[in-house]
$ cat target-v8.cif   # mmCIF, C-alpha atoms
data_query
#
loop_
_atom_site.label_atom_id
_atom_site.label_comp_id
_atom_site.auth_asym_id
_atom_site.auth_seq_id
_atom_site.Cartn_x
_atom_site.Cartn_y
_atom_site.Cartn_z
CA ARG A 999 -9.38 68.41 77.31
CA VAL A 1000 -12.42 66.19 76.85
CA SER A 1001 -12.59 67.34 73.24
CA PHE A 1002 -8.90 66.42 72.63
CA MET A 1003 -9.40 62.89 74.01
CA ASN A 1004 -12.40 62.29 71.77
CA ASN A 1005 -10.46 63.27 68.60
CA GLN A 1006 -7.73 60.63 69.08
CA LYS A 1007 -7.95 57.78 66.50
CA PRO A 1008 -8.41 54.34 68.02
CA GLN A 1009 -5.38 52.04 67.43
CA LYS A 1010 -5.78 49.27 64.83
CA PRO A 1011 -5.64 45.75 66.23
CA THR A 1012 -2.47 43.77 65.35
CA LEU A 1013 -1.94 40.05 64.90
CA SER A 1014 0.61 38.54 67.18
CA GLY A 1015 1.85 34.98 67.60
CA GLN A 1016 4.12 32.42 65.95
CA ARG A 1017 5.27 32.98 62.31
CA PHE A 1018 5.01 29.71 60.35
CA LYS A 1019 7.86 28.55 58.08
CA THR A 1020 6.99 27.76 54.42
CA ARG A 1021 6.61 24.06 53.99
CA LYS A 1022 9.28 22.36 51.90
CA ARG A 1023 6.77 21.04 49.37
CA ASP A 1024 5.40 24.55 48.78
CA GLU A 1025 8.78 25.86 47.66
CA LYS A 1026 9.37 25.93 43.87
CA GLU A 1027 11.42 22.91 42.97
CA ARG A 1028 14.77 23.79 41.40
CA PHE A 1029 15.09 22.80 37.71
CA ASP A 1030 17.89 20.23 37.69
CA PRO A 1031 18.15 18.26 34.44
CA THR A 1032 21.60 16.94 35.43
CA GLN A 1033 20.22 14.77 38.20
CA PHE A 1034 17.43 13.56 35.89
CA GLN A 1035 20.01 12.78 33.19
CA ASP A 1036 22.13 10.74 35.60
CA CYS A 1037 19.12 8.60 36.58
CA ILE A 1038 18.16 7.91 32.95
CA ILE A 1039 21.73 7.19 31.81
CA GLN A 1040 22.36 4.88 34.75
CA GLY A 1041 19.16 2.95 33.91
CA LEU A 1042 20.04 2.72 30.22
CA THR A 1043 23.55 1.53 31.01
CA GLU A 1044 22.09 -1.23 33.17
CA THR A 1045 19.57 -2.36 30.52
CA GLY A 1046 22.19 -2.37 27.74
CA THR A 1047 21.31 -2.43 24.04
CA ASP A 1048 18.26 -4.71 24.38
CA LEU A 1049 15.65 -2.22 23.14
CA GLU A 1050 12.71 -4.13 24.61
CA ALA A 1051 14.37 -3.85 28.03
CA VAL A 1052 14.98 -0.14 27.32
CA ALA A 1053 11.27 0.36 26.56
CA LYS A 1054 10.30 -1.40 29.82
CA PHE A 1055 12.78 0.68 31.83
CA LEU A 1056 11.43 3.95 30.34
CA ASP A 1057 7.86 2.82 31.01
CA ALA A 1058 8.58 2.10 34.68
CA SER A 1059 10.72 5.24 35.20
CA GLY A 1060 7.87 7.52 34.18
CA ALA A 1061 6.16 6.76 37.49
CA LYS A 1062 9.22 7.91 39.50
CA LEU A 1063 10.84 10.59 37.33
CA ASP A 1064 9.31 13.84 36.12
CA TYR A 1065 9.05 13.21 32.36
CA ARG A 1066 6.73 16.15 31.89
CA ARG A 1067 9.32 18.57 33.20
CA TYR A 1068 12.41 17.00 31.67
CA ALA A 1069 11.00 15.88 28.30
CA GLU A 1070 13.72 17.67 26.31
CA THR A 1071 16.49 16.08 28.39
CA LEU A 1072 14.90 12.64 28.07
CA PHE A 1073 14.68 12.84 24.26
CA ASP A 1074 18.18 14.36 23.95
CA ILE A 1075 19.54 11.29 25.77
CA LEU A 1076 17.55 8.78 23.72
CA VAL A 1077 18.66 10.35 20.44
CA ALA A 1078 22.17 11.70 21.13
CA GLY A 1079 23.24 9.92 24.34
CA GLY A 1080 23.23 13.01 26.54
CA MET A 1081 22.05 16.59 26.90
CA LEU A 1082 22.70 18.66 23.80
CA ALA A 1083 24.25 22.10 23.95
CA PRO A 1084 22.95 24.78 21.53
CA GLY A 1085 24.03 23.85 18.00
CA GLY A 1086 23.77 20.14 18.60
CA THR A 1087 27.04 19.26 20.36
CA LEU A 1088 27.18 17.07 23.46
CA ALA A 1089 28.43 18.95 26.50
CA ASP A 1090 31.92 17.59 27.38
CA ASP A 1091 31.41 17.60 31.12
CA MET A 1092 28.18 15.57 30.93
CA THR A 1093 27.83 11.83 31.36
CA ARG A 1094 26.60 10.04 28.26
CA THR A 1095 25.30 6.67 27.12
CA ASN A 1096 25.80 4.54 24.01
CA VAL A 1097 22.20 3.29 24.26
CA CYS A 1098 20.90 5.93 21.83
CA VAL A 1099 20.01 6.47 18.19
CA PHE A 1100 23.32 8.17 17.28
CA ALA A 1101 25.43 5.29 18.68
CA ALA A 1102 23.30 2.57 17.02
CA GLN A 1103 23.89 0.82 13.70
CA GLU A 1104 23.03 2.81 10.60
CA ASP A 1105 20.37 0.60 9.08
CA LEU A 1106 16.61 0.62 8.63
CA GLU A 1107 15.94 -2.39 10.87
CA THR A 1108 17.73 -0.81 13.86
CA MET A 1109 15.89 2.49 13.34
CA GLN A 1110 12.57 0.63 13.18
CA ALA A 1111 13.39 -0.92 16.57
CA PHE A 1112 14.20 2.52 18.01
CA ALA A 1113 10.97 3.89 16.55
CA GLN A 1114 9.13 1.25 18.59
CA VAL A 1115 10.80 2.54 21.77
CA PHE A 1116 9.53 6.09 21.06
CA ASN A 1117 6.08 4.79 20.07
CA LYS A 1118 5.64 2.82 23.29
CA LEU A 1119 6.93 5.67 25.45
CA ILE A 1120 4.61 8.27 23.87
CA ARG A 1121 1.59 5.94 23.89
CA ARG A 1122 2.19 5.33 27.60
CA TYR A 1123 2.75 9.00 28.45
CA LYS A 1124 0.54 10.93 26.02
CA TYR A 1125 1.65 14.28 27.41
CA LEU A 1126 5.08 13.69 25.82
CA GLU A 1127 3.66 14.10 22.28
CA LYS A 1128 4.15 17.86 22.12
CA GLY A 1129 7.58 17.68 23.78
CA PHE A 1130 8.73 15.05 21.28
CA GLU A 1131 7.52 17.12 18.32
CA ASP A 1132 9.40 20.15 19.66
CA GLU A 1133 12.48 17.97 20.17
CA VAL A 1134 12.49 16.74 16.57
CA LYS A 1135 12.02 20.30 15.25
CA LYS A 1136 15.04 21.33 17.34
CA LEU A 1137 17.14 18.36 16.20
CA LEU A 1138 16.44 19.23 12.56
CA LEU A 1139 17.71 22.75 13.15
CA PHE A 1140 20.86 21.25 14.72
CA LEU A 1141 21.63 19.00 11.73
CA LYS A 1142 24.90 20.76 10.87
CA GLY A 1143 26.19 19.91 14.36
CA PHE A 1144 25.81 16.15 13.72
CA SER A 1145 27.97 13.79 11.68
CA GLU A 1146 26.70 12.49 8.34
CA SER A 1147 26.02 9.08 9.89
CA GLU A 1148 24.07 10.66 12.77
CA ARG A 1149 22.02 12.69 10.28
CA ASN A 1150 21.26 9.54 8.26
CA LYS A 1151 20.03 7.68 11.36
CA LEU A 1152 17.89 10.61 12.44
CA ALA A 1153 16.44 10.90 8.91
CA MET A 1154 15.50 7.20 8.79
CA LEU A 1155 13.98 7.36 12.28
CA THR A 1156 11.99 10.51 11.44
CA GLY A 1157 10.65 8.92 8.23
CA ILE A 1158 9.44 5.86 10.16
CA LEU A 1159 7.81 8.00 12.87
CA LEU A 1160 6.08 10.12 10.21
CA ALA A 1161 4.81 6.93 8.56
CA ASN A 1162 3.30 5.51 11.76
CA GLY A 1163 1.76 8.83 12.82
CA THR A 1164 3.91 9.44 15.91
CA LEU A 1165 5.11 12.66 14.25
CA ASN A 1166 3.19 15.25 12.23
CA ALA A 1167 4.58 16.34 8.85
CA SER A 1168 4.63 19.97 10.06
CA ILE A 1169 8.01 19.20 11.71
CA LEU A 1170 9.51 19.34 8.19
CA ASN A 1171 9.25 23.15 8.39
CA SER A 1172 12.58 23.06 10.22
CA LEU A 1173 14.26 21.77 7.03
CA TYR A 1174 13.47 25.06 5.28
CA ASN A 1175 16.03 26.82 7.48
CA GLU A 1176 18.10 29.05 5.20
CA ASN A 1177 21.52 27.77 6.29
CA LEU A 1178 20.53 24.10 6.05
CA VAL A 1179 19.08 24.65 2.56
CA LYS A 1180 22.06 26.68 1.36
CA GLU A 1181 24.60 24.02 2.34
CA GLY A 1182 22.60 21.14 0.84
CA VAL A 1183 21.97 19.55 4.25
CA SER A 1184 18.17 19.74 3.93
CA ALA A 1185 17.99 17.99 0.54
CA ALA A 1186 20.41 15.20 1.57
CA PHE A 1187 18.47 14.65 4.82
CA ALA A 1188 15.16 14.62 2.90
CA VAL A 1189 16.40 11.79 0.65
CA LYS A 1190 16.96 9.42 3.61
CA LEU A 1191 13.78 10.59 5.34
CA PHE A 1192 11.48 10.06 2.32
CA LYS A 1193 13.08 6.71 1.50
CA SER A 1194 12.22 5.32 4.94
CA TRP A 1195 8.79 7.02 4.94
CA ILE A 1196 7.83 5.58 1.53
CA ASN A 1197 9.32 2.21 2.53
CA GLU A 1198 6.93 2.08 5.52
CA LYS A 1199 3.88 3.33 3.60
CA ASP A 1200 3.73 4.50 -0.04
CA ILE A 1201 3.84 7.77 -1.97
CA ASN A 1202 0.03 8.21 -1.72
CA ALA A 1203 0.11 8.08 2.10
CA VAL A 1204 3.05 10.53 2.09
CA ALA A 1205 1.07 12.86 -0.21
CA VAL A 1206 -1.96 12.81 2.13
CA SER A 1207 0.22 13.70 5.16
CA LEU A 1208 1.93 16.55 3.28
CA ARG A 1209 -1.40 17.90 2.02
CA LYS A 1210 -2.84 18.01 5.55
CA VAL A 1211 -0.16 20.49 6.64
CA ASN A 1212 -0.08 22.44 3.32
CA MET A 1213 3.37 21.18 2.50
CA ASP A 1214 2.51 19.39 -0.75
CA ASN A 1215 3.62 22.41 -2.82
CA ARG A 1216 6.67 23.37 -0.74
CA LEU A 1217 9.11 20.51 -1.35
CA MET A 1218 11.14 22.48 -3.89
CA GLU A 1219 12.07 24.85 -1.05
CA LEU A 1220 14.53 22.16 0.07
CA PHE A 1221 16.81 23.74 -2.56
CA PRO A 1222 18.15 27.32 -2.81
CA ALA A 1223 16.03 29.76 -4.85
CA ASN A 1224 18.23 29.44 -7.97
CA LYS A 1225 17.68 25.65 -8.02
CA GLN A 1226 13.94 25.59 -7.28
CA SER A 1227 12.81 24.03 -10.56
CA VAL A 1228 10.93 20.81 -11.30
CA GLU A 1229 13.84 19.71 -13.51
CA HIS A 1230 16.44 20.11 -10.74
CA PHE A 1231 14.22 18.49 -8.10
CA SER A 1232 13.36 15.61 -10.41
CA LYS A 1233 17.00 14.94 -11.37
CA TYR A 1234 18.24 15.10 -7.76
CA PHE A 1235 15.63 12.77 -6.26
CA THR A 1236 15.44 10.39 -9.24
CA GLU A 1237 19.22 9.87 -9.08
CA ALA A 1238 18.84 9.22 -5.34
CA GLY A 1239 16.33 6.44 -6.10
CA LEU A 1240 13.15 8.38 -5.35
CA LYS A 1241 11.50 8.54 -8.76
CA GLU A 1242 7.99 8.39 -7.23
CA LEU A 1243 8.70 11.54 -5.20
CA SER A 1244 9.99 13.32 -8.35
CA GLU A 1245 6.83 12.39 -10.25
CA TYR A 1246 4.64 13.49 -7.33
CA VAL A 1247 6.28 16.95 -7.25
CA ARG A 1248 6.00 17.23 -11.04
CA ASN A 1249 2.27 16.44 -10.81
CA GLN A 1250 1.79 18.93 -7.97
CA GLN A 1251 3.51 21.60 -10.01
CA THR A 1252 1.24 20.88 -12.98
CA ILE A 1253 -1.89 20.99 -10.79
CA GLY A 1254 -0.77 24.33 -9.35
CA ALA A 1255 -0.05 25.68 -12.84
CA ARG A 1256 -3.50 24.54 -14.06
CA LYS A 1257 -5.25 26.32 -11.17
CA GLU A 1258 -3.24 29.48 -11.83
CA LEU A 1259 -4.03 29.26 -15.56
CA GLN A 1260 -7.77 28.91 -14.93
CA LYS A 1261 -7.79 31.83 -12.49
CA GLU A 1262 -5.90 34.10 -14.90
CA LEU A 1263 -8.08 33.02 -17.85
CA GLN A 1264 -11.26 33.94 -16.01
CA GLU A 1265 -9.81 37.36 -15.12
CA GLN A 1266 -8.79 37.98 -18.75
CA MET A 1267 -12.26 36.99 -19.97
CA SER A 1268 -14.03 39.17 -17.42
CA ARG A 1269 -11.85 42.12 -18.52
CA GLY A 1270 -12.70 41.37 -22.16
CA ASP A 1271 -9.06 40.98 -23.27
CA PRO A 1272 -8.59 40.33 -27.02
CA PHE A 1273 -8.53 36.63 -27.94
CA LYS A 1274 -5.11 36.94 -29.59
CA ASP A 1275 -3.64 38.08 -26.24
CA ILE A 1276 -5.39 35.28 -24.33
CA ILE A 1277 -4.22 32.66 -26.87
CA LEU A 1278 -0.63 33.92 -26.66
CA TYR A 1279 -0.70 33.79 -22.83
CA VAL A 1280 -2.18 30.26 -22.76
CA LYS A 1281 0.37 28.93 -25.27
CA GLU A 1282 3.24 30.36 -23.21
CA GLU A 1283 1.84 28.71 -20.05
CA MET A 1284 1.44 25.39 -21.89
CA LYS A 1285 5.08 25.47 -22.94
CA LYS A 1286 6.42 26.69 -19.59
CA ASN A 1287 4.50 24.15 -17.46
CA ASN A 1288 4.29 21.29 -19.94
CA ILE A 1289 0.45 21.34 -20.01
CA SER A 1290 -1.23 19.31 -22.77
CA GLU A 1291 -3.73 20.73 -25.27
CA GLN A 1292 -6.39 18.34 -23.90
CA THR A 1293 -5.95 19.80 -20.41
CA VAL A 1294 -6.06 23.36 -21.74
CA VAL A 1295 -9.24 22.89 -23.78
CA ALA A 1296 -10.98 21.49 -20.69
CA ILE A 1297 -9.82 24.54 -18.65
CA ILE A 1298 -11.01 26.96 -21.36
CA TRP A 1299 -14.43 25.27 -21.57
CA SER A 1300 -14.82 25.45 -17.79
CA SER A 1301 -13.73 29.12 -17.73
CA VAL A 1302 -16.05 30.09 -20.60
CA MET A 1303 -19.05 28.44 -18.93
CA SER A 1304 -18.35 30.01 -15.54
CA THR A 1305 -18.34 33.62 -16.80
CA VAL A 1306 -22.14 33.70 -17.30
CA GLU A 1307 -25.20 33.78 -15.06
CA TRP A 1308 -27.32 31.17 -16.89
CA ASN A 1309 -31.07 31.50 -17.37
CA LYS A 1310 -33.08 29.06 -15.24
CA LYS A 1311 -35.64 28.46 -18.01
CA GLU A 1312 -34.78 25.51 -20.23
CA GLU A 1313 -36.35 27.04 -23.35
CA LEU A 1314 -34.21 30.20 -23.01
CA VAL A 1315 -30.89 28.74 -21.86
CA ALA A 1316 -30.07 27.01 -25.18
CA GLU A 1317 -30.42 30.30 -27.07
CA GLN A 1318 -28.30 32.07 -24.45
CA ALA A 1319 -25.64 29.32 -24.61
CA ILE A 1320 -25.38 29.40 -28.41
CA LYS A 1321 -24.96 33.19 -28.42
CA HIS A 1322 -22.29 33.02 -25.69
CA LEU A 1323 -20.37 30.05 -27.16
CA LYS A 1324 -20.41 31.51 -30.68
CA GLN A 1325 -18.52 34.48 -29.28
CA TYR A 1326 -15.86 32.22 -27.68
CA SER A 1327 -15.54 29.62 -30.45
CA PRO A 1328 -12.36 31.22 -31.95
CA LEU A 1329 -10.66 30.78 -28.55
CA LEU A 1330 -11.68 27.11 -28.30
CA ALA A 1331 -10.74 26.51 -31.96
CA ALA A 1332 -7.16 27.63 -31.22
CA PHE A 1333 -6.77 24.69 -28.82
CA THR A 1334 -8.54 21.88 -30.70
CA THR A 1335 -5.81 21.20 -33.26
CA GLN A 1336 -5.73 17.48 -32.31
CA GLY A 1337 -8.50 14.87 -32.55
CA GLN A 1338 -7.96 13.95 -28.90
CA SER A 1339 -8.50 17.58 -27.85
CA GLU A 1340 -11.79 17.67 -29.78
CA LEU A 1341 -12.91 14.45 -28.10
CA THR A 1342 -11.95 15.91 -24.69
CA LEU A 1343 -14.13 18.96 -25.44
CA LEU A 1344 -17.06 16.76 -26.51
CA LEU A 1345 -16.86 14.81 -23.26
CA LYS A 1346 -16.72 18.07 -21.27
CA ILE A 1347 -19.82 19.35 -23.08
CA GLN A 1348 -21.64 16.07 -22.38
CA GLU A 1349 -20.66 16.19 -18.72
CA TYR A 1350 -21.72 19.83 -18.36
CA CYS A 1351 -25.11 19.31 -20.03
CA TYR A 1352 -25.79 16.28 -17.84
CA ASP A 1353 -24.73 17.99 -14.58
CA ASN A 1354 -26.75 21.15 -15.38
CA ILE A 1355 -30.30 19.92 -15.99
CA HIS A 1356 -31.38 23.04 -17.98
CA PHE A 1357 -28.75 22.17 -20.61
CA MET A 1358 -29.97 18.61 -21.31
CA LYS A 1359 -31.72 19.65 -24.56
CA ALA A 1360 -28.92 22.02 -25.63
CA PHE A 1361 -26.23 19.37 -26.23
CA GLN A 1362 -26.86 18.82 -29.95
CA LYS A 1363 -27.17 22.57 -30.64
CA ILE A 1364 -23.77 23.23 -28.98
CA VAL A 1365 -22.08 20.44 -30.96
CA VAL A 1366 -23.54 21.68 -34.26
CA LEU A 1367 -22.45 25.24 -33.46
CA PHE A 1368 -18.87 24.07 -32.79
CA TYR A 1369 -18.92 21.98 -35.97
CA LYS A 1370 -19.89 25.04 -38.02
CA ALA A 1371 -17.28 27.16 -36.21
CA GLU A 1372 -14.60 24.55 -37.00
CA VAL A 1373 -13.96 23.84 -33.33
CA LEU A 1374 -15.07 20.22 -33.85
CA SER A 1375 -14.67 18.02 -36.92
CA GLU A 1376 -16.47 14.93 -38.29
CA GLU A 1377 -14.12 12.21 -37.08
CA PRO A 1378 -14.11 12.98 -33.31
CA ILE A 1379 -17.91 13.50 -33.35
CA LEU A 1380 -18.43 10.10 -35.03
CA LYS A 1381 -15.95 8.51 -32.62
CA TRP A 1382 -17.80 10.05 -29.65
CA TYR A 1383 -21.14 8.76 -31.01
CA LYS A 1384 -19.85 5.26 -31.69
CA ASP A 1385 -17.96 4.33 -28.52
CA ALA A 1386 -16.18 7.24 -26.82
CA HIS A 1387 -19.17 8.87 -25.05
CA LEU A 1388 -19.70 8.88 -21.28
CA ALA A 1389 -22.47 6.91 -19.55
CA LYS A 1390 -23.93 10.17 -18.18
CA GLY A 1391 -27.17 10.89 -20.06
CA LYS A 1392 -26.02 8.59 -22.86
CA SER A 1393 -29.44 7.65 -24.24
CA VAL A 1394 -30.70 11.28 -24.28
CA PHE A 1395 -27.61 12.69 -25.98
CA LEU A 1396 -27.22 9.86 -28.52
CA GLU A 1397 -30.88 10.32 -29.52
CA GLN A 1398 -30.33 14.08 -29.94
CA MET A 1399 -27.26 13.46 -32.12
CA LYS A 1400 -28.75 10.69 -34.29
CA LYS A 1401 -29.87 12.81 -37.27
CA PHE A 1402 -26.76 14.98 -37.22
CA VAL A 1403 -24.49 11.91 -37.13
CA GLU A 1404 -26.41 10.39 -40.08
CA TRP A 1405 -25.93 13.65 -41.94
CA LEU A 1406 -22.18 13.62 -41.16
CA LYS A 1407 -21.85 10.11 -42.55
CA ASN A 1408 -23.76 11.05 -45.68
CA ALA A 1409 -22.05 14.43 -46.00
CA GLU A 1410 -18.81 12.66 -46.79
CA GLU A 1411 -20.61 11.14 -49.78
CA GLY A 1412 -21.72 14.62 -50.87
CA ASN A 1413 -25.33 14.65 -49.63
CA GLN A 1414 -26.02 18.34 -50.26
CA GLN A 1415 -29.71 18.06 -49.42
CA LEU A 1416 -29.12 17.04 -45.79
CA ARG A 1417 -26.38 19.65 -45.51
CA SER A 1418 -28.82 22.45 -46.42
CA GLN A 1419 -31.40 21.09 -43.92
CA VAL A 1420 -28.88 21.23 -41.05
CA GLU A 1421 -27.57 24.64 -42.04
#
$ encode --input "target-v8.cif" --output "structure tokens"
Amino acid sequence: RVSFMNNQKPQKPTLSGQRFKTRKRDEKERFDPTQFQDCIIQGLTETGTDLEAVAKFLDASGAKLDYRRYAETLFDILVAGGMLAPGGTLADDMTRTNVCVFAAQEDLETMQAFAQVFNKLIRRYKYLEKGFEDEVKKLLLFLKGFSESERNKLAMLTGILLANGTLNASILNSLYNENLVKEGVSAAFAVKLFKSWINEKDINAVAVSLRKVNMDNRLMELFPANKQSVEHFSKYFTEAGLKELSEYVRNQQTIGARKELQKELQEQMSRGDPFKDIILYVKEEMKKNNISEQTVVAIIWSSVMSTVEWNKKEELVAEQAIKHLKQYSPLLAAFTTQGQSELTLLLKIQEYCYDNIHFMKAFQKIVVLFYKAEVLSEEPILKWYKDAHLAKGKSVFLEQMKKFVEWLKNAEEGNQQLRSQVE
């Protein structure tokens, strides 16, 4: 019996007393955009269409209303007059206001005034930046749900906000939506957007913004795949009064084609492809991308010089360069059919020899080699010597070329003695 009593487990102590109710403020607040919407719409109705008064009302309301939580509702109201249902329609049972972008006049001045309202609001409440960016991305996806006039107003407003830095150009990704592109909505919207953007800034500022978000080479995606050509883009935007945008895209396309050409050239050279194949490829690329012979000869020179590990000793590098360039002279000769191309090559050689100190004494030897190989001819060399040279290393290179230039001048008069000395 004593043993049995000792084996019993002692009872655990229990808490007893009053159970507290959860405080009201600790309960999760119910998400109720309707009540928020009513407060904003009532305030906007009272301020009327005076946009300065609207900006002041929004500034003051941020202290009382939860902008952080209801950012989407707030921006829906300011743009469309009420909360938007999926697809971009206004819910029928919702109250709405005419103090919004979609109900305003369709002109640049009015949209500039509305842009100021958004600027002031977002400057005052910095945390709204992300919400506003998300809102614009959403609105762009909803474009088909809006009328043409509403789309035009939104496009002008977006262009102004991109120009003043309130929005980041990455929002334009929404315009590449397949359905919007297919139905021509994206391209039409882009016309109004870029017009107001360029009107506020200029094409150079637009280019910088696009480059920052890697969108400088994507503008042709505003059209369906079968219309993604420079010609189609150029025609469409030039006719819409945006010639500078057409030229920008054409330039971008050329820059991209040049980079691709250089990359492919270097690969062909490293593989040791026959020159006739390389020449054929380059000529096709020139024709396809409208690349000039001057541009091509500069690319070939750069590619030829980058395929070698050059000797660091000045006395050996000239010999190495002559041997290497002799091998590639037929390739360069194929693309120096114009005097301007020859002059371009001469300037590239001068620049290279100046920038690479070991080549300073090799300049004249390279020029003479190319003269013998019929890559360069008398007239461009004399033109370079007289007034077309660069300032870089001018005195050194002109001194090197002095005797050869004298010989060229005399050679035309049949001075065989000097010819044999040079050769």
$ resolve_selection --input "target-v8.cif" --expression "the PyMOL selection byres ((chain A and resi 1356) around 10)" --output "VMD selection string"
chain A and resid 1308 to 1316 1351 to 1355 1357 to 1360
$ resolve_selection --input "target-v8.cif" --expression "the PyMOL selection byres ((chain A and resi 1199) around 10)" --output "PyMOL selection string"
chain A and resi 1157-1158+1160-1162+1194-1198+1200-1204
$ resolve_selection --input "target-v8.cif" --expression "the PyMOL selection byres ((chain A and resi 1111-1126) around 9)" --output "number ranges by chain"
A: 1049-1050, 1052-1054, 1056-1057, 1060, 1065-1066, 1069, 1076, 1098-1099, 1106-1110, 1127-1131, 1155-1156, 1158-1159, 1162, 1164
$ residues_near_point --input "target-v8.cif" --point "(12.9, 14.7, 3.4)" --cutoff "10 Å" --atoms "only C-alpha atoms" --output "list in words"
Ala1153, Met1154, Thr1156, Gly1157, Leu1170, Leu1173, Ser1184, Ala1185, Ala1186, Phe1187, Ala1188, Val1189, Lys1190, Leu1191, Phe1192, Lys1193, Ser1194, Trp1195, Leu1217 and Leu1220 of chain A
$ axis_aligned_box --input "target-v8.cif" --around "region 1050-1068 of chain A" --padding-each-side "5 Å" --output "JSON"
{"center_x": 10.6, "center_y": 7.2, "center_z": 32.1, "size_x": 18.8, "size_y": 32.7, "size_z": 24.9}
$ residues_around --input "target-v8.cif" --residues "Ile1298 (chain A)" --least-positions-apart "3" --cutoff "8 Å" --atoms "all atoms listed in the file" --output "MDAnalysis selection string"
chainID A and resid 1260 1263 1294:1295 1301:1302 1330
$ atom_distance --input "target-v8.cif" --atom1 "CA of Ile1379 (chain A)" --atom2 "CA of Met1303 (chain A)"
20.8 Å
$ closest_residue --input "target-v8.cif" --among "A:Ala1255, A:Val1134, A:Val1373, A:Leu1208" --to "Glu1070 (chain A)" --atoms "all atoms listed in the file"
A:Val1134
$ atom_distance --input "target-v8.cif" --atom1 "CA of Phe1221 (chain A)" --atom2 "CA of Phe1235 (chain A)"
11.6 Å
$ residues_around --input "target-v8.cif" --residues "Asn1288 (chain A)" --least-positions-apart "3" --cutoff "10 Å" --atoms "all atoms listed in the file" --output "compact mmCIF listing (two decimals) with C-alpha atoms, in the frame of the given file"
# COMPACT_ATOMS: atom_id res chain seq x y z
CA ARG A 1248 6.00 17.23 -11.04
CA GLN A 1251 3.51 21.60 -10.01
CA THR A 1252 1.24 20.88 -12.98
CA ALA A 1255 -0.05 25.68 -12.84
CA GLU A 1282 3.24 30.36 -23.21
CA GLU A 1283 1.84 28.71 -20.05
CA MET A 1284 1.44 25.39 -21.89
CA LYS A 1285 5.08 25.47 -22.94
CA GLU A 1291 -3.73 20.73 -25.27
$ closest_residue --input "target-v8.cif" --among "A:Ala1389, A:Ala1102, A:Met1213, A:Pro1378" --to "Asp1048 (chain A)" --atoms "all atoms listed in the file"
A:Ala1102
$ residues_around --input "target-v8.cif" --residues "region 1361-1367 of chain A" --least-positions-apart "5" --cutoff "7 Å" --atoms "only C-alpha atoms" --output "number ranges by chain"
A: 1320, 1348, 1351, 1395, 1398-1399
$ atom_distance --input "target-v8.cif" --atom1 "CA of Phe1140 (chain A)" --atom2 "CA of Thr1087 (chain A)"
8.6 Å
$ closest_residue --input "target-v8.cif" --among "A:Leu1243, A:Leu1380, A:Leu1082, A:Val1394" --to "Asn1408 (chain A)" --atoms "all atoms listed in the file"
A:Leu1380
$ closest_residue --input "target-v8.cif" --among "A:Asn1171, A:Gln1338, A:Asn1166, A:Asn1287" --to "Ser1207 (chain A)" --atoms "all atoms listed in the file"
A:Asn1166
$ residues_near_point --input "target-v8.cif" --point "(23.8, 7.1, 26.0)" --cutoff "10 Å" --atoms "only C-alpha atoms" --output "MDAnalysis selection string"
chainID A and resid 1035 1038:1040 1042:1043 1046 1074:1081 1093:1101
